[in-house]
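Asks: Quick one: structure below, then a few questions.
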Amino acid sequence: MDDSSPDTEVVLGPDLNPTRSKMDKKLYRHITLPNGLKCVLVCDTVAMRQRRLLGHYEDDSEEDEESCNEEQGSDSDEEGSEGSEDDDGLRKAATALLVNVGSYSDPPHLQGLAHYLEHMLFLGTEAYPTENAYDSFLSQHGGDDNAYTDMEHTLYHYCIPQDGSSGDKNVWKALDMFSGFFKCPLLGGDQAERELNAVESEFELNKKDDDCRISQLMSFTCGMDGNAPIMGREYPRENEEGSQAQKPFHPFAKFPWGNANSLRTEPESKGVDVMQELRDFYHTHYYARNMRLVVMAGYELDEIQRRVFQHFKDVPADPRISHSGPAGGVGVTNLQPYTLPFRPSSLGKIYRILPVRNHHTLTLTWQFPSMCPHWRSKPDDYLAHLIGHEASGSILSVLKEQGWATALSAGTGEDGTGDASTHALFAMEISLSKDGMRHWESVVEVVYAYIGMLKHNFLEGSVDAEGTKKEGLPSWIYGELKSIAQQSYRFADEGDVTDIVEEIAENMAPWYALPDERVLDGDALLFGELDNGCVRRLLFDYLTTANMRVDLMSSLFGRDSDEECSPGDQEEKKEETEDDGTAQPMDVDGEDEPPLFDRVKAGLPSIEPRFDTKFWEEKISNDVVQLWNDAADGNSSFSVASLHLPPKNPFIPSAFELKPLPADDSDHPLLSCSVKVCVATGKTKAWYPAAVTKFKTEKSAHRLSLSYEDEGEQWHVLDDHESYHKFDGDQETLEEGHEGSFDAGKVKFRVTAVPREGEGLVFSYGDADHDDDVEDGTAFPPIPPPALASRLPHIIYDKNCVKVHWLQDRKFKRPIADLRIKVECEEMGGSALNQACMVLFCKLCADALTETCYLASCCELDSAIYATDSGFSIRVHGFDHKLLALAKQVLNVAMSFRGREGECNLPGTIKEARFDACLEKLLRQLSNAGMDASSFTTSLRLLCLRPAVTSAFAKSKALQGITVSTFVEVMNQLLKRMSVDAFYHGNADRKDGSEAANMIVEALTCHHVGLPKKKIAPKLVLKTKQAFDPHQIVVPSVDPKDPNTAVEVYFQFGKDDNSAGAIQQRCLVDVLEAIIDEPLYNQIRTKEQFGYEVSCGARWSYGILGMSFRVVTSCKSADEASSRIDLFLKTFRDELVAMSDETFVEQLVGVAKNKLESFDSMEEETGSHWSEITEGRYDYEAYRKEVLCLRSITKDQVLAAYDEWLNPLCINGKPKKRRCMVVHVIGTGEGPPSEGRPVIEDGKAVGDEVDRIVDQFHDAVKRESWGRVTFASPELHRANTV
């Protein structure tokens, strides 16, 4: 018998708790298991309702309660164990495990193996051999899971709702199932071939992604793909043309995605046993010392440690197979012997690349030594801040002034391709205009002129605090970055549970080199002084022309879809080109302009073999390089005055105090807690559950209002109120079991539940008898009482069609706020020109605000302005100190277009030259619409259902040849009358709310004329036909070389007006989604391999309920995919009928727990409230009604809904009419995927065909709509008016 103990064999690591952010209430423990597995355990204290923070505790509430009764001589029955309930918070538990091996460790002859292995681990273990047992268990209980493979690590994660009060502990069963991945996976059988097809499908989905294509092109052309040992292993390779076999090797040169060719065709041709290699790879790298584990749950740390020890102690400490080389000796997979990835022969060149999408992107890449050892001051991020700056004096500012660029970014990136243990790639990506393409060499000159300015200022030095002049840039720049990082970390939101465990696991990665004591904050903060020595080396030795790679991807060279150019027909095409003397057409400005790139002279492009990316490689001339070198030395044609260091940031916040709550409804540690109150009833005392709803100070008495089970309210005076001051700060935390008294000792109380951050009122009876066990072992989660009207959004201003809502935050207690504004305009519906001009208007405003808003964004104060179907929206959010000042500037620019009737020029806030630049950018974006087949199906569905919305193709046509005067005329008309809704939420008291309202009203100018809501066209949704055969929308993929075919089958159910019946329908849809999703995925994706993307989901489209099913495939036809969905719906009914009552209840509980899951951030809560405001529903606590409804949902009701909405057959087996439409976007993949692809007539664009087919649908359904959806909740809305 194994008598090992987690207490005696586990080694404690550094104490992580001092490095938590100020707002983080979780407890952390760093341990190492006997097998060398390093773990971080996270006790989610608020999720477990503030149980004793250290170790397990024995509850004595039963004894106390009996004593109370005994004092009164009561013979009443025992009430039960007062605190025995494991009263979970509804935030989920989560786990992440990182394996310190990724695609860089793929054998050269099996590229993509690490990714393939990641897929295989999900297909069963020795303990749970059923293929989908793990996914099915998580889905059934409201959980979720995923994984990803990076260059140097692979990460697996899942989340699951916290356990209830009784029955099996699902948190620990999930951990047990998960641990099997790393002890005894099956890794074989029929699943292997099927899962390889899934890897191939995933690759096909990424194949048309320009970012993926350029990344793989860099790997292909880095000149480091020679035959060299990796991880101590060699594989014989034939000597190909040239001296390929003698080239140096770097893992960067690999193909990390993997596909059927790299994992089946190529290795089989060389006699490689792929499955044996996969098992060897697992046995070589998947061992405890090469892993890092993070487990977060609502249990005490000791209990989490015991479970982790139990389930992971048997993971082998070392590789399972003997292995010579680095991995065998250092305890972790190690790639550090490899250094910089680009061979000198691959630098000093320009790579001109054909894109899939219409864009012009210049990418400059410099290779750095690994930045991992420099985690303290992060010098690469420091340089990225300067080079990627967007304020005055920046590279982007100068390029925009010249009309050459619209956007810019710089840095090493967060994925393994840009930041690795072997190297870092510092990339600068510039979005160019057509004119910028013609001056790309000058664009690079500006970049080097800026680098030269930085070098000059660095050598000039600055005076430090002691008055000593030192080499380096001014210290205030680093000081600003350090201060902002500190405040951002200090007030960071909790975030999603999966993100929390993922981030910690990533920070623990051995290759990342963070010390164990810094895995919480090492990635977020800046420590100590700037490493000027490293900055100097990067600036002077690495940001040079000799160390730079230039990639220029542009549709001006042509598009990937313009031509076929396989190796077999290159000679034939070359002869054709020579015969007629013409090249493929390019997108040029005019016939009289010289060609940007002479493709006839350049010859046929080279082809990267994995993604089939076409490119031309050319050495950059010595004269051009010298021009850049001169610029870096301070000799540039660009004015030194135009390029300078960024200005000091005026948006750095300095006020972080929380605004006081109203005196008659202020804060208190007991507020929102659940309590049990001991009240005298005759000669005996009885305990009653209640929730603390309000606190106020009145005549020096501290009064608390309690809401009882019957929803009665009663005020009590708190005794010994001074003792509660200790709970106001971080000294102590109010916990369950706390006892006190009211009304001079007459009323005793005990705390039974404490709200976690982000929760409102909590209500717990504190005894198992009242916790609504729906079935034995399955506890239905307790439903919190309704929030007080004062805790929900208030209308603080309502005049002249301007309505401003306000809510002061009480939950998250951070110095942040969120302002959202929605503007609805006249004449937006159905007009492609008006809708297109609104998009252009927003782009012009954002462009004009770039320098201001960028400075604010550096201080965690973000903003956006974007077009909607009915007007436009503005959002400003972040630290509240200077939020309204930024919002005013954004509004002033937007409203500068108003009150200009008769004007034909742009307002003074917009530079005239920027009109053409923004229009060009918008037209390019519109031309890329529909390039992703999967999202295109959704767009088509919505275009069919919403006739007032116009397509991107129609918008693009409407903008052709538009002039400034026409644009201004349209905007004058659109902005003449407006309806405005706004919501200000966060650290803002009533005075701040009024200030926000006044600022909005003032910005509207004296020209404001209100647009009543009844004058705004309703968002009508058309009814799909109720028929035996669904209406089919069939269009070709926009990209003529997209191998993927996408299918969406949409079922329409009915109107959701928020009535009791509609709420029940809403719940039935959610339950159906929860029950169907995993079996659908398992059958059609995993077993039958229709494609990588298979899913279903509930749809709420402007008040109309529905459900959609989607398949994206590169191996099946569209008809096969849609027919398979219908067949699944036909046969799944039997599974639904056979579902046990226990399983059904578990599904209900899973849905309920997800609905009751607390907000992880104020942003989430704001978004939830804002959607209620913009939809006009105002039901801020709809989830309560839904969970109450779920309690009464029966399996028969679900089955009846399934039969009515989804089942293609009647009870008698005959076909049934359903409201259904099917969207097919058919690609050009070989074989079945291209079957049925419509042929577009010569001279006709795909967009024209799409618009024609959408119009046909409108005519087919006779434009019959569901009518205006009116929601019923006016009483609450009227009550919440200040």
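Just remember, in the structure tokens the first chain shown is A, the second B, etc., residues are 1-based per chain, and ligands are 1-based in the order shown.
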Quick one: everything within 7 Å of range 209-225 of chain A, counting only C-alpha atoms, minus sequence neighbours fewer than 3 positions away in the same chain. Send it as a ChimeraX atom specification.
Replies: /A:206,247-250,252-255,341-343,346,355-356,608,611,613
Asks: Residues near range 1106-1112 of chain A, anyone? I mean within 6 Å using only C-alpha atoms, not counting same-chain ones fewer than 4 positions away, as a PyMOL selection string.
Replies: chain A and resi 1045-1053+1091+1093-1099
Asks: Store the residues picked out above in a file with N, CA, C and O atoms, as a PDB file, in the first residue's frame.
Replies:
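Output (selection.pdb):
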ATOM      1  N   THR A1045     -15.267  24.720 -47.414  1.00  0.00           N
ATOM      2  CA  THR A1045     -16.685  24.944 -47.649  1.00  0.00           C
ATOM      3  C   THR A1045     -17.370  25.049 -46.287  1.00  0.00           C
ATOM      4  O   THR A1045     -17.113  24.228 -45.400  1.00  0.00           O
ATOM      5  N   ALA A1046     -18.190  26.066 -46.112  1.00  0.00           N
ATOM      6  CA  ALA A1046     -18.847  26.309 -44.823  1.00  0.00           C
ATOM      7  C   ALA A1046     -20.355  26.173 -44.977  1.00  0.00           C
ATOM      8  O   ALA A1046     -20.933  26.628 -45.971  1.00  0.00           O
ATOM      9  N   VAL A1047     -20.961  25.561 -43.976  1.00  0.00           N
ATOM     10  CA  VAL A1047     -22.416  25.348 -43.970  1.00  0.00           C
ATOM     11  C   VAL A1047     -22.970  25.822 -42.631  1.00  0.00           C
ATOM     12  O   VAL A1047     -22.433  25.491 -41.578  1.00  0.00           O
ATOM     13  N   GLU A1048     -24.038  26.599 -42.684  1.00  0.00           N
ATOM     14  CA  GLU A1048     -24.754  26.973 -41.466  1.00  0.00           C
ATOM     15  C   GLU A1048     -26.227  26.661 -41.659  1.00  0.00           C
ATOM     16  O   GLU A1048     -26.846  27.124 -42.618  1.00  0.00           O
ATOM     17  N   VAL A1049     -26.761  25.869 -40.757  1.00  0.00           N
ATOM     18  CA  VAL A1049     -28.187  25.532 -40.771  1.00  0.00           C
ATOM     19  C   VAL A1049     -28.830  26.281 -39.607  1.00  0.00           C
ATOM     20  O   VAL A1049     -28.473  26.070 -38.444  1.00  0.00           O
ATOM     21  N   TYR A1050     -29.765  27.164 -39.931  1.00  0.00           N
ATOM     22  CA  TYR A1050     -30.366  28.053 -38.922  1.00  0.00           C
ATOM     23  C   TYR A1050     -31.840  27.732 -38.762  1.00  0.00           C
ATOM     24  O   TYR A1050     -32.592  27.646 -39.737  1.00  0.00           O
ATOM     25  N   PHE A1051     -32.250  27.542 -37.493  1.00  0.00           N
ATOM     26  CA  PHE A1051     -33.655  27.309 -37.160  1.00  0.00           C
ATOM     27  C   PHE A1051     -34.178  28.512 -36.396  1.00  0.00           C
ATOM     28  O   PHE A1051     -33.547  28.980 -35.443  1.00  0.00           O
ATOM     29  N   GLN A1052     -35.339  28.980 -36.798  1.00  0.00           N
ATOM     30  CA  GLN A1052     -35.951  30.160 -36.167  1.00  0.00           C
ATOM     31  C   GLN A1052     -37.111  29.689 -35.305  1.00  0.00           C
ATOM     32  O   GLN A1052     -37.954  28.912 -35.760  1.00  0.00           O
ATOM     33  N   PHE A1053     -37.148  30.165 -34.055  1.00  0.00           N
ATOM     34  CA  PHE A1053     -38.138  29.647 -33.102  1.00  0.00           C
ATOM     35  C   PHE A1053     -39.284  30.618 -32.823  1.00  0.00           C
ATOM     36  O   PHE A1053     -40.441  30.225 -32.790  1.00  0.00           O
ATOM     37  N   GLY A1091     -14.897  17.877 -40.533  1.00  0.00           N
ATOM     38  CA  GLY A1091     -14.067  19.078 -40.579  1.00  0.00           C
ATOM     39  C   GLY A1091     -13.643  19.478 -39.187  1.00  0.00           C
ATOM     40  O   GLY A1091     -14.128  18.944 -38.182  1.00  0.00           O
ATOM     41  N   GLU A1093     -14.051  22.419 -37.720  1.00  0.00           N
ATOM     42  CA  GLU A1093     -15.014  23.285 -37.036  1.00  0.00           C
ATOM     43  C   GLU A1093     -16.415  22.697 -37.143  1.00  0.00           C
ATOM     44  O   GLU A1093     -17.009  22.660 -38.229  1.00  0.00           O
ATOM     45  N   VAL A1094     -16.927  22.210 -36.022  1.00  0.00           N
ATOM     46  CA  VAL A1094     -18.293  21.690 -35.930  1.00  0.00           C
ATOM     47  C   VAL A1094     -18.877  22.236 -34.630  1.00  0.00           C
ATOM     48  O   VAL A1094     -18.305  22.032 -33.559  1.00  0.00           O
ATOM     49  N   SER A1095     -20.014  22.913 -34.713  1.00  0.00           N
ATOM     50  CA  SER A1095     -20.555  23.531 -33.498  1.00  0.00           C
ATOM     51  C   SER A1095     -22.036  23.807 -33.662  1.00  0.00           C
ATOM     52  O   SER A1095     -22.587  23.772 -34.773  1.00  0.00           O
ATOM     53  N   CYS A1096     -22.678  24.088 -32.532  1.00  0.00           N
ATOM     54  CA  CYS A1096     -24.048  24.581 -32.554  1.00  0.00           C
ATOM     55  C   CYS A1096     -24.179  25.633 -31.465  1.00  0.00           C
ATOM     56  O   CYS A1096     -23.375  25.669 -30.523  1.00  0.00           O
ATOM     57  N   GLY A1097     -25.165  26.501 -31.583  1.00  0.00           N
ATOM     58  CA  GLY A1097     -25.323  27.547 -30.582  1.00  0.00           C
ATOM     59  C   GLY A1097     -26.673  28.225 -30.664  1.00  0.00           C
ATOM     60  O   GLY A1097     -27.294  28.293 -31.731  1.00  0.00           O
ATOM     61  N   ALA A1098     -27.138  28.713 -29.504  1.00  0.00           N
ATOM     62  CA  ALA A1098     -28.376  29.484 -29.458  1.00  0.00           C
ATOM     63  C   ALA A1098     -28.148  30.831 -30.135  1.00  0.00           C
ATOM     64  O   ALA A1098     -27.045  31.384 -30.082  1.00  0.00           O
ATOM     65  N   ARG A1099     -29.165  31.355 -30.757  1.00  0.00           N
ATOM     66  CA  ARG A1099     -29.078  32.652 -31.424  1.00  0.00           C
ATOM     67  C   ARG A1099     -30.211  33.555 -30.939  1.00  0.00           C
ATOM     68  O   ARG A1099     -31.372  33.153 -30.934  1.00  0.00           O
TER      69      ARG A1099
END
Asks: Taking the DSSP secondary structure from the backbone, can you list the residues of range 414-483 of chain A that are helix (DSSP H, G or I), as an MDAnalysis selection string?
Replies: chainID A and resid 434:438 440:460 475:483
Asks: Near Leu386 in chain A, within 8 Å and counting only C-alpha atoms, which residues show up once chain neighbours fewer than 6 positions away are dropped, as a list in words?
Replies: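 Selected residues are Ser394, Leu645 and Pro646 of chain A.
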Asks: Just checking: using only C-alpha atoms, which residue out of A:Tyr134, A:Trp476, A:Tyr1183, A:Trp404 ends up closest to Glu920 in chain A?
Replies: A:Trp404
Asks: What's around Phe527 in chain A at 12 Å? Count only C-alpha atoms, leave out sequence neighbours fewer than 2 positions away in its own chain, and write the answer as JSON, numbers by chain.
Replies: {"A": [374, 375, 376, 377, 378, 379, 478, 479, 481, 482, 483, 485, 486, 518, 521, 522, 523, 524, 525, 529, 530, 531]}
Asks: Please extract the residues of range 178-312 of chain A with a backbone DSSP assignment of strand (DSSP E or B) and present them as a PyMOL selection string.
Replies: chain A and resi 185+225+230+233+249+291-297
